[in-house]
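Asker: Please find model_36.txt (compact mmCIF, C-alpha atoms) on the next line:
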# COMPACT_ATOMS: atom_id res chain seq x y z
CA MET U 1309 0.00 0.00 0.00
CA SER U 1310 1.40 3.36 -0.95
CA PHE U 1311 0.71 6.71 0.69
CA LEU U 1312 0.66 10.12 -0.85
CA LEU U 1313 2.43 12.61 1.38
CA ILE U 1314 1.21 16.18 0.98
CA VAL U 1315 3.41 18.87 2.44
CA LEU U 1316 1.66 22.16 3.05
CA GLY U 1317 3.86 25.17 2.51
CA PRO U 1318 3.52 28.56 4.15
CA GLN U 1319 0.38 30.61 3.52
CA PRO U 1320 0.71 32.50 0.23
CA ALA U 1321 2.01 36.03 0.63
CA ARG U 1322 -1.04 37.49 -1.08
CA ASP U 1323 -3.32 36.10 1.66
CA SER U 1324 -1.15 37.41 4.46
CA LEU U 1325 -1.22 40.90 2.91
CA LYS U 1326 -5.00 40.97 2.41
CA PRO U 1327 -6.68 43.89 4.24
CA GLN U 1328 -8.96 42.95 7.12
CA ARG U 1329 -12.28 44.28 8.46
CA VAL U 1330 -13.10 46.34 5.37
CA ARG U 1331 -16.28 48.29 6.06
CA PHE U 1332 -18.02 51.63 5.64
CA GLN U 1333 -18.41 54.08 8.50
CA SER U 1334 -21.05 56.74 7.92
CA ARG U 1335 -22.01 59.77 10.01
CA ASN U 1336 -24.46 62.33 8.65
CA PHE U 1337 -23.84 60.84 5.16
CA HIS U 1338 -20.08 61.36 5.34
CA ASN U 1339 -19.16 57.89 4.07
CA VAL U 1340 -15.65 56.64 4.78
CA LEU U 1341 -14.18 53.27 3.88
CA LEU U 1342 -12.06 51.77 6.69
CA TRP U 1343 -9.81 48.73 6.89
CA GLN U 1344 -6.99 47.17 8.87
CA PRO U 1345 -3.69 45.78 7.57
CA GLY U 1346 -3.26 42.11 6.77
CA TRP U 1347 -1.77 40.07 9.59
CA ALA U 1348 1.73 40.12 8.03
CA LEU U 1349 1.82 43.89 7.60
CA SER U 1350 2.12 47.08 9.55
CA SER U 1351 0.41 50.13 8.05
CA ASN U 1352 3.66 52.01 7.35
CA ARG U 1353 5.17 49.24 5.19
CA SER U 1354 2.42 48.88 2.63
CA VAL U 1355 0.23 50.80 0.22
CA TYR U 1356 -3.45 50.28 -0.58
CA PHE U 1357 -5.67 50.54 -3.62
CA VAL U 1358 -9.38 51.35 -3.37
CA GLN U 1359 -12.23 50.68 -5.78
CA TYR U 1360 -15.99 51.10 -5.50
CA LYS U 1361 -19.14 50.37 -7.48
CA VAL U 1362 -22.92 50.46 -7.31
CA TYR U 1363 -24.63 47.12 -6.79
CA GLY U 1364 -25.39 45.53 -10.16
CA GLU U 1365 -22.56 47.23 -12.07
CA ARG U 1366 -19.95 44.97 -13.64
CA GLU U 1367 -16.99 47.35 -13.60
CA TRP U 1368 -15.23 48.61 -10.50
CA LYS U 1369 -14.07 52.24 -10.44
CA HIS U 1370 -10.76 53.48 -9.07
CA LYS U 1371 -10.73 56.06 -6.31
CA GLU U 1372 -7.81 58.08 -7.62
CA GLU U 1373 -7.00 59.84 -4.34
CA CYS U 1374 -6.72 56.43 -2.64
CA TRP U 1375 -4.81 54.59 -5.36
CA GLY U 1376 -1.53 53.79 -3.66
CA THR U 1377 -2.40 55.39 -0.32
CA GLN U 1378 -0.63 54.54 2.93
CA GLU U 1379 -3.70 55.45 4.99
CA LEU U 1380 -6.16 52.97 6.44
CA PHE U 1381 -9.20 54.91 5.29
CA CYS U 1382 -10.63 56.46 2.14
CA ASP U 1383 -13.36 59.11 1.92
CA LEU U 1384 -15.98 57.91 -0.57
CA THR U 1385 -18.62 60.51 0.31
CA ASN U 1386 -18.81 61.99 -3.19
CA GLU U 1387 -18.79 58.55 -4.82
CA THR U 1388 -21.75 57.40 -2.69
CA SER U 1389 -23.93 60.49 -3.03
CA ASP U 1390 -27.03 58.69 -4.31
CA LEU U 1391 -28.23 57.91 -0.81
CA GLN U 1392 -30.66 55.13 -1.68
CA GLU U 1393 -28.29 53.17 -3.93
CA PRO U 1394 -26.47 50.11 -2.56
CA TYR U 1395 -22.69 50.35 -2.87
CA TYR U 1396 -19.65 48.15 -2.41
CA GLY U 1397 -16.06 49.11 -1.71
CA ARG U 1398 -12.96 46.97 -1.89
CA VAL U 1399 -9.28 47.27 -0.99
CA ARG U 1400 -6.09 45.46 -1.88
CA ALA U 1401 -2.60 45.90 -0.44
CA ALA U 1402 0.89 45.88 -1.91
CA SER U 1403 4.21 45.45 -0.16
CA ALA U 1404 7.71 44.74 -1.50
CA GLY U 1405 6.32 43.98 -4.95
CA SER U 1406 3.65 41.55 -3.74
CA TYR U 1407 -0.07 42.24 -4.09
CA SER U 1408 -2.90 40.87 -2.01
CA GLY U 1409 -6.30 39.78 -3.20
CA TRP U 1410 -9.25 42.16 -2.84
CA SER U 1411 -11.20 42.49 0.40
CA MET U 1412 -14.77 43.70 -0.12
CA THR U 1413 -17.29 45.40 2.13
CA PRO U 1414 -20.82 44.17 2.80
CA ARG U 1415 -23.50 45.99 0.82
CA PHE U 1416 -23.79 49.59 2.02
CA ILE U 1417 -26.86 51.84 1.62
CA PRO U 1418 -26.20 55.35 3.03
CA TRP U 1419 -29.91 56.11 3.44
CA TRP U 1420 -30.34 53.34 6.00
CA GLU U 1421 -26.93 52.94 7.54
CA THR U 1422 -25.67 56.41 8.32
CA THR U 1423 -25.60 57.54 11.95
CA ILE U 1424 -27.52 60.77 12.56
CA GLU U 1425 -25.89 62.99 15.16
CA PRO U 1426 -27.83 65.19 17.60
CA PRO U 1427 -28.83 68.75 16.75
CA VAL U 1428 -26.77 71.69 17.94
CA ILE U 1429 -28.59 73.94 20.42
CA ASN U 1430 -28.20 77.73 20.62
CA ILE U 1431 -30.07 79.63 23.34
CA THR U 1432 -30.76 83.37 23.48
CA ARG U 1433 -32.92 85.49 25.77
CA VAL U 1434 -35.72 87.39 24.01
CA ASN U 1435 -38.13 89.59 26.00
CA GLY U 1436 -37.74 87.50 29.12
CA LEU U 1437 -38.14 84.21 27.25
CA LEU U 1438 -35.53 81.71 26.18
CA SER U 1439 -35.37 81.14 22.44
CA VAL U 1440 -33.98 77.71 21.60
CA VAL U 1441 -32.62 77.45 18.05
CA LEU U 1442 -31.93 73.96 16.70
CA HIS U 1443 -29.45 73.20 13.93
CA ALA U 1444 -29.45 69.87 12.09
CA PRO U 1445 -26.01 68.27 11.53
CA ASP U 1446 -23.88 69.42 8.60
CA PHE U 1447 -24.59 67.73 5.29
CA PRO U 1448 -21.68 66.87 2.95
CA TYR U 1449 -23.33 67.64 -0.39
CA ARG U 1450 -23.83 71.02 -2.03
CA HIS U 1451 -26.09 72.53 -4.66
CA LEU U 1452 -24.63 73.17 -8.11
CA LYS U 1453 -24.02 76.82 -7.15
CA GLY U 1454 -21.97 75.74 -4.15
CA LYS U 1455 -24.61 76.39 -1.50
CA THR U 1456 -24.60 73.89 1.34
CA LYS U 1457 -27.57 71.54 1.44
CA SER U 1458 -29.47 70.84 4.62
CA MET U 1459 -30.28 67.39 5.89
CA GLU U 1460 -33.87 68.62 5.69
CA ASN U 1461 -33.54 68.49 1.87
CA TYR U 1462 -33.66 64.71 2.19
CA TYR U 1463 -35.62 64.05 5.36
CA GLU U 1464 -38.63 65.49 7.10
CA LEU U 1465 -37.10 66.06 10.51
CA GLU U 1466 -38.83 66.33 13.83
CA TYR U 1467 -37.15 67.76 16.89
CA ARG U 1468 -37.71 66.76 20.49
CA VAL U 1469 -36.68 69.28 23.13
CA PHE U 1470 -36.30 68.47 26.82
CA ILE U 1471 -35.70 70.73 29.81
CA MET U 1472 -34.49 70.09 33.32
CA LYS U 1473 -35.10 73.02 35.65
CA ASN U 1474 -32.84 73.33 38.65
CA SER U 1475 -35.82 74.19 40.86
CA LEU U 1476 -37.71 70.99 39.96
CA LYS U 1477 -34.89 68.46 39.58
CA MET U 1478 -36.92 66.60 36.99
CA GLU U 1479 -36.95 66.39 33.20
CA GLN U 1480 -39.85 67.50 31.03
CA GLN U 1481 -40.44 67.28 27.28
CA LEU U 1482 -41.08 70.78 25.99
CA TYR U 1483 -41.69 70.23 22.32
CA GLU U 1484 -41.96 67.68 19.53
CA GLY U 1485 -42.40 68.75 15.92
CA PRO U 1486 -40.72 70.25 12.83
CA ARG U 1487 -40.01 73.76 14.14
CA ARG U 1488 -36.38 74.70 14.55
CA VAL U 1489 -37.07 77.56 16.99
CA VAL U 1490 -38.77 76.83 20.30
CA GLU U 1491 -39.60 79.43 22.95
CA VAL U 1492 -39.35 78.57 26.64
CA GLU U 1493 -41.19 80.50 29.33
CA ALA U 1494 -39.16 82.70 31.66
CA LEU U 1495 -37.37 80.92 34.49
CA LEU U 1496 -37.78 81.83 38.11
CA PRO U 1497 -35.30 84.37 39.54
CA HIS U 1498 -32.02 82.87 40.72
CA SER U 1499 -32.78 79.62 38.94
CA GLY U 1500 -31.42 77.87 35.91
CA ALA U 1501 -32.17 75.06 33.51
CA CYS U 1502 -30.51 72.64 31.13
CA LEU U 1503 -31.89 71.82 27.70
CA MET U 1504 -31.33 68.81 25.46
CA ALA U 1505 -32.64 67.88 22.03
CA GLU U 1506 -32.76 65.00 19.59
CA ILE U 1507 -33.77 64.45 15.98
CA TYR U 1508 -36.43 61.97 14.90
CA ILE U 1509 -36.95 60.89 11.27
CA PRO U 1510 -40.52 59.56 10.88
CA ARG U 1511 -39.89 58.06 7.44
CA LEU U 1512 -37.18 55.80 8.81
CA ASP U 1513 -38.60 55.45 12.33
CA ARG U 1514 -35.20 56.26 13.77
CA GLY U 1515 -33.43 59.21 15.28
CA SER U 1516 -30.31 60.64 16.79
CA PRO U 1517 -28.99 60.26 20.30
CA ARG U 1518 -29.82 63.08 22.68
CA SER U 1519 -27.54 66.10 22.62
CA ALA U 1520 -25.33 67.08 25.51
CA LYS U 1521 -26.92 69.44 28.05
CA THR U 1522 -26.87 73.16 27.28
CA CYS U 1523 -27.41 75.04 30.55
CA VAL U 1524 -28.45 78.61 31.27
CA GLY U 1525 -28.95 80.58 34.45
CA VAL U 1526 -31.12 83.61 35.16
CA ALA U 1527 -30.05 86.18 37.70
For the structure just supplied, provide its representation as structure tokens.
Answerer:
Amino acid sequence: MSFLLIVLGPQPARDSLKPQRVRFQSRNFHNVLLWQPGWALSSNRSVYFVQYKVYGEREWKHKEECWGTQELFCDLTNETSDLQEPYYGRVRAASAGSYSGWSMTPRFIPWWETTIEPPVINITRVNGLLSVVLHAPDFPYRHLKGKTKSMENYYELEYRVFIMKNSLKMEQQLYEGPRRVVEVEALLPHSGACLMAEIYIPRLDRGSPRSAKTCVGVA
């Protein structure tokens, strides 16, 4: 009886170079491709090549600014600007003349997967009242004339405003709706209050985390 002896050699270099954990990270529709070096590499000894495409397309497109980059990220915000389209990204590495295979992301749809950040709160005193002005997060895309777009161009936003008065030591919801300016009744003398807000998107049934407290005092 004869035996066939198979000797396994070392793992091919292209597998050991292959980027790991390739995924999109998205905040307020700023869509960035992230990855980690292959197990045989450190980030300062290799370069990376990035491609992207819309689901269903046959051809991958180069991201020129990330073609031969030494970074571990690539901003694909402009390439993924159709927010309801599903996209893929992929990365390969090169080191000392050897190239890895491609590592691809899961399917990515900005519309569903971006993280919405809380609104910014500005408070001013107007005729004894507090005027609470809410600002939606910055949006990365601009009109053809260069004017910044608002997140409200894509979503119908609702704001929820909460107050905690020092005199009561309890939280109350002041407002829920689409208005970006909310007036708060005058506070008692020598008292103060902290306000917080969050964004809710009815169409997606999801929202932002609550903002940090913005506190005011009245002498």
Asker: Name the residues in contact with Ala1401 (chain U) at a cut-off of 9 Å, using only C-alpha atoms, excluding same-chain residues fewer than 6 positions from it; report them as a list in words.
Answerer: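 What passes the distance filter is Arg1322, Leu1325, Lys1326, Pro1327, Pro1345, Gly1346, Ser1354, Val1355, Tyr1356, Phe1357, Gly1376, Tyr1407, Ser1408, Gly1409 and Trp1410 of chain U.
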Asker: Write the residues you've just listed into a file as a PDB file, keeping the file's coordinate frame, and include C-alpha atoms for each of them.
Answerer:
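Written out: out-v5.pdb:
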ATOM      1  CA  ARG U1322      -1.040  37.490  -1.080  1.00  0.00           C
ATOM      2  CA  LEU U1325      -1.220  40.900   2.910  1.00  0.00           C
ATOM      3  CA  LYS U1326      -5.000  40.970   2.410  1.00  0.00           C
ATOM      4  CA  PRO U1327      -6.680  43.890   4.240  1.00  0.00           C
ATOM      5  CA  PRO U1345      -3.690  45.780   7.570  1.00  0.00           C
ATOM      6  CA  GLY U1346      -3.260  42.110   6.770  1.00  0.00           C
ATOM      7  CA  SER U1354       2.420  48.880   2.630  1.00  0.00           C
ATOM      8  CA  VAL U1355       0.230  50.800   0.220  1.00  0.00           C
ATOM      9  CA  TYR U1356      -3.450  50.280  -0.580  1.00  0.00           C
ATOM     10  CA  PHE U1357      -5.670  50.540  -3.620  1.00  0.00           C
ATOM     11  CA  GLY U1376      -1.530  53.790  -3.660  1.00  0.00           C
ATOM     12  CA  TYR U1407      -0.070  42.240  -4.090  1.00  0.00           C
ATOM     13  CA  SER U1408      -2.900  40.870  -2.010  1.00  0.00           C
ATOM     14  CA  GLY U1409      -6.300  39.780  -3.200  1.00  0.00           C
ATOM     15  CA  TRP U1410      -9.250  42.160  -2.840  1.00  0.00           C
TER      16      TRP U1410
END
Asker: Hey, which of U:Gln1328, U:Thr1377, U:Thr1522, U:Ser1389 ends up closest to Phe1447 (chain U)? Count only C-alpha atoms.
Answerer: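 With only C-alpha atoms as the atom set, the closest residue is U:Ser1389.
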Asker: Using all atoms listed in the file, collect all residues at a distance of at most 9 Å from (-29.8, 69.8, 21.0) as written in the file, then present them as a PyMOL selection string.
Answerer: chain U and resi 1426-1430+1440-1444+1467-1470+1503-1507+1518-1522
Asker: Which one of U:Val1330, U:Val1434, U:Ile1424, U:Leu1342 sits closest to Leu1380 (chain U) if you count all atoms listed in the file?
Answerer: U:Leu1342
Asker: Any idea what the distance is between CA of Lys1473 (chain U) and CA of Ser1499 (chain U)?
Answerer: 7.7 Å
